[in-house]
$ cat target36.csv   # CSV, C-alpha atoms
chain,number,residue,atom,x,y,z
A,254,MET,CA,113.1,130.9,107.0
A,255,LYS,CA,116.2,130.2,104.9
A,256,THR,CA,118.8,127.6,105.6
A,257,SER,CA,122.2,127.4,103.9
A,258,ALA,CA,122.6,124.1,102.1
A,259,LYS,CA,124.9,122.4,99.7
A,260,LEU,CA,122.9,122.1,96.5
A,261,TYR,CA,124.1,120.4,93.4
A,262,SER,CA,123.4,120.3,89.7
A,263,LEU,CA,124.7,116.9,88.7
A,264,PRO,CA,125.5,116.4,85.0
A,265,LEU,CA,124.4,113.3,83.1
A,266,ASN,CA,127.9,112.0,82.8
A,267,ASP,CA,128.4,111.8,86.6
A,268,ILE,CA,127.7,108.4,88.2
A,269,ARG,CA,126.2,110.1,91.2
A,270,THR,CA,123.3,111.3,89.0
A,271,TYR,CA,122.3,107.7,88.5
A,272,LEU,CA,123.0,106.6,92.1
A,273,PHE,CA,120.9,109.4,93.6
A,274,THR,CA,118.2,108.9,90.9
A,275,SER,CA,118.1,105.2,91.8
A,276,LEU,CA,117.8,105.9,95.5
A,277,PHE,CA,115.0,108.4,95.0
A,278,VAL,CA,113.1,106.1,92.6
A,279,ILE,CA,113.3,103.3,95.2
A,280,GLY,CA,111.9,105.8,97.7
A,281,ASN,CA,109.1,106.7,95.3
A,282,ILE,CA,108.3,103.0,94.9
A,283,ALA,CA,108.5,102.1,98.6
A,284,LEU,CA,106.6,105.1,100.0
A,285,PRO,CA,103.5,104.7,97.8
A,286,GLN,CA,103.4,100.9,98.6
A,287,PHE,CA,103.4,101.8,102.3
A,288,CYS,CA,100.8,104.5,101.9
A,289,HIS,CA,98.5,102.2,99.9
A,290,LEU,CA,98.2,100.1,103.0
A,291,PHE,CA,95.7,102.8,104.2
A,292,PRO,CA,92.4,103.6,102.6
A,293,TYR,CA,92.9,106.3,100.0
A,294,GLY,CA,96.6,106.5,101.1
A,295,GLY,CA,97.8,107.3,97.6
A,296,PRO,CA,95.4,110.1,96.7
A,297,THR,CA,95.5,111.5,100.2
A,298,LEU,CA,99.2,111.4,100.9
A,299,LEU,CA,100.5,111.9,97.3
A,300,PRO,CA,103.6,109.8,98.1
A,301,ILE,CA,104.9,109.4,94.5
A,302,TYR,CA,106.0,113.0,94.4
A,303,PHE,CA,108.0,113.2,97.7
A,304,PHE,CA,111.4,112.0,96.6
A,305,THR,CA,111.1,113.8,93.3
A,306,LEU,CA,110.9,117.0,95.3
A,307,ILE,CA,114.0,116.0,97.4
A,308,GLY,CA,116.1,114.9,94.5
A,309,ALA,CA,115.3,117.9,92.3
A,310,TYR,CA,115.9,120.4,95.0
A,311,LYS,CA,119.1,118.9,96.4
A,312,PHE,CA,120.7,117.4,93.3
A,313,GLY,CA,119.3,119.4,90.4
A,314,PHE,CA,117.2,119.2,87.3
A,315,ARG,CA,118.6,116.0,85.9
A,316,VAL,CA,118.2,113.9,89.0
A,317,GLY,CA,114.8,115.4,89.5
A,318,ILE,CA,113.5,114.8,86.0
A,319,LEU,CA,114.9,111.2,85.8
A,320,THR,CA,113.2,110.5,89.1
A,321,ALA,CA,110.0,112.2,88.0
A,322,ILE,CA,109.8,110.1,84.8
A,323,LEU,CA,111.0,106.7,86.1
A,324,SER,CA,109.1,106.6,89.4
A,325,PRO,CA,105.5,106.5,88.0
A,326,ILE,CA,106.5,104.3,85.1
A,327,ILE,CA,108.3,101.7,87.2
A,328,ASN,CA,105.4,101.8,89.8
A,329,TYR,CA,102.9,101.2,87.0
A,330,GLY,CA,105.0,98.4,85.6
A,331,LEU,CA,105.5,96.6,88.9
A,332,PHE,CA,102.1,97.3,90.6
A,333,GLY,CA,99.7,98.7,88.1
A,334,MET,CA,99.6,101.9,90.2
A,335,PRO,CA,99.1,104.6,89.3
A,336,THR,CA,96.4,103.3,86.9
A,337,LEU,CA,97.0,103.9,83.2
A,338,ALA,CA,94.3,106.5,83.1
A,339,ILE,CA,96.0,108.8,85.6
A,340,LEU,CA,99.6,108.0,84.6
A,341,PRO,CA,99.9,110.9,82.1
A,342,PRO,CA,98.7,113.6,84.6
A,343,ILE,CA,101.0,112.1,87.3
A,344,LEU,CA,104.0,112.1,84.9
A,345,ILE,CA,103.2,115.8,84.0
A,346,LYS,CA,102.9,116.8,87.6
A,347,SER,CA,106.1,114.9,88.5
A,348,MET,CA,108.0,116.7,85.8
A,349,LEU,CA,106.6,120.1,86.7
A,350,LEU,CA,107.7,119.4,90.3
A,351,ALA,CA,111.2,118.5,89.2
A,352,ILE,CA,111.4,121.7,87.1
A,353,ALA,CA,110.0,123.9,89.9
A,354,ALA,CA,112.1,122.4,92.6
A,355,SER,CA,115.4,122.5,90.7
A,356,PHE,CA,114.6,126.1,89.5
A,357,ALA,CA,113.9,127.3,93.0
A,358,ALA,CA,117.1,125.7,94.4
A,359,HIS,CA,119.2,127.1,91.5
A,360,LEU,CA,117.7,130.6,91.9
A,361,LEU,CA,117.9,130.8,95.7
A,362,LYS,CA,121.0,128.7,96.2
A,363,ARG,CA,119.7,127.8,99.6
A,364,LEU,CA,116.8,126.0,101.3
A,365,SER,CA,113.8,128.2,101.8
A,366,PHE,CA,110.6,127.1,103.6
A,367,ALA,CA,108.5,129.7,101.7
A,368,ALA,CA,110.1,128.7,98.4
A,369,LEU,CA,109.3,125.0,99.0
A,370,LEU,CA,105.6,126.0,99.5
A,371,GLY,CA,105.8,127.9,96.2
A,372,VAL,CA,107.3,124.9,94.5
A,373,VAL,CA,104.6,122.5,95.8
A,374,LEU,CA,101.7,124.9,95.0
A,375,SER,CA,103.0,125.8,91.6
A,376,TYR,CA,103.3,122.2,90.4
A,377,GLN,CA,99.9,121.3,91.8
A,378,ILE,CA,98.1,124.3,90.3
A,379,ILE,CA,99.7,124.0,86.9
A,380,GLY,CA,99.5,120.2,87.0
A,381,THR,CA,95.8,120.5,87.8
A,382,ALA,CA,95.2,122.6,84.7
A,383,PHE,CA,97.0,119.9,82.6
A,384,GLU,CA,95.0,117.2,84.3
A,385,TRP,CA,91.7,119.0,83.6
A,386,ALA,CA,92.7,119.4,79.9
A,387,ILE,CA,93.5,115.7,79.7
A,388,CYS,CA,90.6,114.1,81.6
A,389,GLY,CA,88.0,116.8,80.9
A,390,ASN,CA,86.6,116.6,84.4
A,391,PHE,CA,87.3,119.5,86.6
A,392,PHE,CA,86.4,117.7,89.8
A,393,GLN,CA,88.7,114.8,89.1
A,394,ALA,CA,91.4,117.3,88.2
A,395,ILE,CA,91.2,119.1,91.6
A,396,GLN,CA,91.3,115.8,93.6
A,397,ASP,CA,94.7,116.7,95.0
A,398,PHE,CA,93.2,119.9,96.5
A,399,GLN,CA,90.1,118.0,97.7
A,400,ILE,CA,91.6,115.1,99.5
A,401,GLY,CA,95.4,115.5,99.0
A,402,ILE,CA,96.0,118.4,101.4
A,403,PRO,CA,97.7,116.1,103.9
A,404,GLY,CA,100.1,115.0,101.1
A,405,ILE,CA,100.7,118.6,100.1
A,406,LEU,CA,101.5,119.5,103.7
A,407,ILE,CA,103.8,116.5,104.0
A,408,GLN,CA,105.7,117.6,100.9
A,409,TRP,CA,106.1,121.1,102.3
A,410,PHE,CA,106.9,120.3,105.9
A,411,GLY,CA,108.4,116.9,105.5
A,412,GLY,CA,110.3,118.0,102.4
A,413,TYR,CA,111.8,120.9,104.3
A,414,ALA,CA,112.7,118.8,107.3
A,415,LEU,CA,114.4,116.1,105.2
A,416,LEU,CA,116.2,118.7,103.0
A,417,LYS,CA,117.4,120.5,106.1
A,418,ALA,CA,118.6,117.3,107.6
A,419,ILE,CA,120.7,116.5,104.6
A,420,ALA,CA,121.7,120.2,103.9
A,421,LYS,CA,125.4,119.7,104.6
A,422,LEU,CA,125.8,116.5,102.6
$ encode --input "target36.csv" --output "structure tokens"
Amino acid sequence: MKTSAKLYSLPLNDIRTYLFTSLFVIGNIALPQFCHLFPYGGPTLLPIYFFTLIGAYKFGFRVGILTAILSPIINYGLFGMPTLAILPPILIKSMLLAIAASFAAHLLKRLSFAALLGVVLSYQIIGTAFEWAICGNFFQAIQDFQIGIPGILIQWFGGYALLKAIAKL
């Protein structure tokens, strides 16, 4: 299923890059706070990645990578979450997501349900390998696949729905 969409690759010297980055970072701060109201809400729903996916796919690599880096760091600074021990793997996964989403959007030049699944699975699989190398614990590294399936599905279905809703913007 493919949908035509206006996709951008905003440059660093465009004020819109920083406006959209700010909006997506705020989303990546608010959504995890809401999800953490529920037991295991963060590890199950993976909310810190959602707006990175949207920003990178819709507005390109620069918005995506800025959102990917700033969101976990600001969340950690404000709330101590994610914990310092898992901050590096989350930063790596966030950056991999920004790269994969912006690459898919640039390559396809449209919104694709299947491509979005590929984006989400690719950053999770590659990110899991990095996390395993960092923490040295395979079972901790595959946590997103053990309890994070709802979050992966939300990124895929919810990400597609939101990107489709804003396709003409």
$ closest_residue --input "target36.csv" --among "A:Pro285, A:Val373, A:Ile402, A:Thr256" --to "Ala418 of chain A" --atoms "all atoms listed in the file"
A:Thr256
$ atom_distance --input "target36.csv" --atom1 "atom CA of Tyr261 of chain A" --atom2 "atom CA of Gln408 of chain A"
20.1 Å
$ residues_around --input "target36.csv" --residues "Asp397 of chain A" --least-positions-apart "2" --cutoff "8 Å" --atoms "only C-alpha atoms" --output "ChimeraX atom specification"
/A:296-297,299,377,394-395,399-402
$ residues_around --input "target36.csv" --residues "Pro341 of chain A" --least-positions-apart "5" --cutoff "10 Å" --atoms "all atoms listed in the file" --output "ChimeraX atom specification"
/A:325-326,335-336,346-347,383-384,387-388
$ residues_around --input "target36.csv" --residues "Leu272 of chain A" --least-positions-apart "3" --cutoff "12 Å" --atoms "only C-alpha atoms" --output "compact mmCIF listing (two decimals) with C-alpha atoms, in the coordinates of the input"
# COMPACT_ATOMS: atom_id res chain seq x y z
CA LEU A 263 124.70 116.90 88.70
CA LEU A 265 124.40 113.30 83.10
CA ASN A 266 127.90 112.00 82.80
CA ASP A 267 128.40 111.80 86.60
CA ILE A 268 127.70 108.40 88.20
CA ARG A 269 126.20 110.10 91.20
CA SER A 275 118.10 105.20 91.80
CA LEU A 276 117.80 105.90 95.50
CA PHE A 277 115.00 108.40 95.00
CA VAL A 278 113.10 106.10 92.60
CA ILE A 279 113.30 103.30 95.20
CA GLY A 308 116.10 114.90 94.50
CA PHE A 312 120.70 117.40 93.30
CA VAL A 316 118.20 113.90 89.00
CA LEU A 319 114.90 111.20 85.80
CA THR A 320 113.20 110.50 89.10
$ closest_residue --input "target36.csv" --among "A:Leu260, A:Ala354, A:Ala386, A:Met254" --to "Pro342 of chain A" --atoms "only C-alpha atoms"
A:Ala386
$ atom_distance --input "target36.csv" --atom1 "atom CA of Cys288 of chain A" --atom2 "atom CA of Ile301 of chain A"
9.8 Å
$ atom_distance --input "target36.csv" --atom1 "atom CA of Val372 of chain A" --atom2 "atom CA of Leu284 of chain A"
20.6 Å
$ closest_residue --input "target36.csv" --among "A:Leu349, A:Leu416, A:Ile282, A:Ala368" --to "Ile307 of chain A" --atoms "all atoms listed in the file"
A:Leu416
$ closest_residue --input "target36.csv" --among "A:Leu340, A:Ile405, A:Gly412, A:Ile379" --to "Phe304 of chain A" --atoms "only C-alpha atoms"
A:Gly412
$ closest_residue --input "target36.csv" --among "A:Thr381, A:Ser375, A:Ser355, A:Ser257" --to "Ala309 of chain A" --atoms "all atoms listed in the file"
A:Ser355
$ residues_around --input "target36.csv" --residues "Ile407 of chain A" --least-positions-apart "3" --cutoff "9 Å" --atoms "all atoms listed in the file" --output "PDB file with C-alpha atoms, in the coordinates of the input"
ATOM      1  CA  LEU A 298      99.200 111.400 100.900  1.00  0.00           C
ATOM      2  CA  LEU A 299     100.500 111.900  97.300  1.00  0.00           C
ATOM      3  CA  PRO A 300     103.600 109.800  98.100  1.00  0.00           C
ATOM      4  CA  PHE A 303     108.000 113.200  97.700  1.00  0.00           C
ATOM      5  CA  ILE A 402      96.000 118.400 101.400  1.00  0.00           C
ATOM      6  CA  PRO A 403      97.700 116.100 103.900  1.00  0.00           C
ATOM      7  CA  GLY A 404     100.100 115.000 101.100  1.00  0.00           C
ATOM      8  CA  PHE A 410     106.900 120.300 105.900  1.00  0.00           C
ATOM      9  CA  GLY A 411     108.400 116.900 105.500  1.00  0.00           C
ATOM     10  CA  GLY A 412     110.300 118.000 102.400  1.00  0.00           C
TER      11      GLY A 412
END
$ closest_residue --input "target36.csv" --among "A:Leu422, A:Leu323, A:Leu290, A:Leu406" --to "Tyr271 of chain A" --atoms "all atoms listed in the file"
A:Leu323
$ build_atoms --input "target36.csv" --residues "segment 364-395 of chain A" --atoms "N, CA and C atoms" --output "mmCIF file, keeping the file's coordinate frame"
data_model
loop_
_atom_site.group_PDB
_atom_site.id
_atom_site.type_symbol
_atom_site.label_atom_id
_atom_site.label_comp_id
_atom_site.auth_asym_id
_atom_site.auth_seq_id
_atom_site.Cartn_x
_atom_site.Cartn_y
_atom_site.Cartn_z
ATOM 1 N N LEU A 364 118.089 126.596 100.941
ATOM 2 C CA LEU A 364 116.800 126.000 101.300
ATOM 3 C C LEU A 364 115.903 127.052 101.878
ATOM 4 N N SER A 365 114.706 127.189 101.348
ATOM 5 C CA SER A 365 113.800 128.200 101.800
ATOM 6 C C SER A 365 112.401 127.517 102.071
ATOM 7 N N PHE A 366 111.891 127.686 103.277
ATOM 8 C CA PHE A 366 110.600 127.100 103.600
ATOM 9 C C PHE A 366 109.485 127.711 102.753
ATOM 10 N N ALA A 367 109.518 129.023 102.533
ATOM 11 C CA ALA A 367 108.500 129.700 101.700
ATOM 12 C C ALA A 367 108.640 129.235 100.238
ATOM 13 N N ALA A 368 109.865 129.121 99.754
ATOM 14 C CA ALA A 368 110.100 128.700 98.400
ATOM 15 C C ALA A 368 109.568 127.273 98.160
ATOM 16 N N LEU A 369 109.744 126.425 99.151
ATOM 17 C CA LEU A 369 109.300 125.000 99.000
ATOM 18 C C LEU A 369 107.741 125.023 98.922
ATOM 19 N N LEU A 370 107.064 125.881 99.660
ATOM 20 C CA LEU A 370 105.600 126.000 99.500
ATOM 21 C C LEU A 370 105.264 126.447 98.102
ATOM 22 N N GLY A 371 105.994 127.424 97.591
ATOM 23 C CA GLY A 371 105.800 127.900 96.200
ATOM 24 C C GLY A 371 105.973 126.798 95.202
ATOM 25 N N VAL A 372 106.987 125.973 95.397
ATOM 26 C CA VAL A 372 107.300 124.900 94.500
ATOM 27 C C VAL A 372 106.083 123.881 94.499
ATOM 28 N N VAL A 373 105.649 123.498 95.690
ATOM 29 C CA VAL A 373 104.600 122.500 95.800
ATOM 30 C C VAL A 373 103.258 123.056 95.238
ATOM 31 N N LEU A 374 102.940 124.290 95.551
ATOM 32 C CA LEU A 374 101.700 124.900 95.000
ATOM 33 C C LEU A 374 101.769 125.078 93.515
ATOM 34 N N SER A 375 102.922 125.498 93.011
ATOM 35 C CA SER A 375 103.000 125.800 91.600
ATOM 36 C C SER A 375 102.843 124.484 90.751
ATOM 37 N N TYR A 376 103.504 123.390 91.158
ATOM 38 C CA TYR A 376 103.300 122.200 90.400
ATOM 39 C C TYR A 376 101.920 121.631 90.485
ATOM 40 N N GLN A 377 101.297 121.815 91.648
ATOM 41 C CA GLN A 377 99.900 121.300 91.800
ATOM 42 C C GLN A 377 98.939 122.163 90.998
ATOM 43 N N ILE A 378 99.074 123.458 91.018
ATOM 44 C CA ILE A 378 98.100 124.300 90.300
ATOM 45 C C ILE A 378 98.286 124.139 88.782
ATOM 46 N N ILE A 379 99.510 124.211 88.293
ATOM 47 C CA ILE A 379 99.700 124.000 86.900
ATOM 48 C C ILE A 379 99.395 122.610 86.429
ATOM 49 N N GLY A 380 99.775 121.643 87.257
ATOM 50 C CA GLY A 380 99.500 120.200 87.000
ATOM 51 C C GLY A 380 97.974 119.975 86.941
ATOM 52 N N THR A 381 97.228 120.645 87.803
ATOM 53 C CA THR A 381 95.800 120.500 87.800
ATOM 54 C C THR A 381 95.169 120.992 86.506
ATOM 55 N N ALA A 382 95.692 122.084 85.984
ATOM 56 C CA ALA A 382 95.200 122.600 84.700
ATOM 57 C C ALA A 382 95.471 121.576 83.577
ATOM 58 N N PHE A 383 96.654 120.981 83.576
ATOM 59 C CA PHE A 383 97.000 119.900 82.600
ATOM 60 C C PHE A 383 96.044 118.732 82.771
ATOM 61 N N GLU A 384 95.840 118.327 84.013
ATOM 62 C CA GLU A 384 95.000 117.200 84.300
ATOM 63 C C GLU A 384 93.552 117.431 83.825
ATOM 64 N N TRP A 385 93.057 118.617 84.050
ATOM 65 C CA TRP A 385 91.700 119.000 83.600
ATOM 66 C C TRP A 385 91.629 118.932 82.087
ATOM 67 N N ALA A 386 92.658 119.430 81.403
ATOM 68 C CA ALA A 386 92.700 119.400 79.900
ATOM 69 C C ALA A 386 92.720 117.947 79.420
ATOM 70 N N ILE A 387 93.416 117.077 80.129
ATOM 71 C CA ILE A 387 93.500 115.700 79.700
ATOM 72 C C ILE A 387 92.270 114.888 79.976
ATOM 73 N N CYS A 388 91.756 114.989 81.200
ATOM 74 C CA CYS A 388 90.600 114.100 81.600
ATOM 75 C C CYS A 388 89.272 114.805 81.287
ATOM 76 N N GLY A 389 89.248 116.131 81.162
ATOM 77 C CA GLY A 389 88.000 116.800 80.900
ATOM 78 C C GLY A 389 87.041 116.917 82.033
ATOM 79 N N ASN A 390 87.499 116.538 83.225
ATOM 80 C CA ASN A 390 86.600 116.600 84.400
ATOM 81 C C ASN A 390 87.296 117.414 85.470
ATOM 82 N N PHE A 391 86.733 118.588 85.692
ATOM 83 C CA PHE A 391 87.300 119.500 86.600
ATOM 84 C C PHE A 391 87.408 118.931 88.044
ATOM 85 N N PHE A 392 86.370 118.223 88.484
ATOM 86 C CA PHE A 392 86.400 117.700 89.800
ATOM 87 C C PHE A 392 87.365 116.574 90.040
ATOM 88 N N GLN A 393 87.611 115.805 89.016
ATOM 89 C CA GLN A 393 88.700 114.800 89.100
ATOM 90 C C GLN A 393 90.037 115.492 89.113
ATOM 91 N N ALA A 394 90.167 116.553 88.339
ATOM 92 C CA ALA A 394 91.400 117.300 88.200
ATOM 93 C C ALA A 394 91.827 117.929 89.559
ATOM 94 N N ILE A 395 90.843 118.389 90.339
ATOM 95 C CA ILE A 395 91.200 119.100 91.600
ATOM 96 C C ILE A 395 91.212 118.123 92.795
#
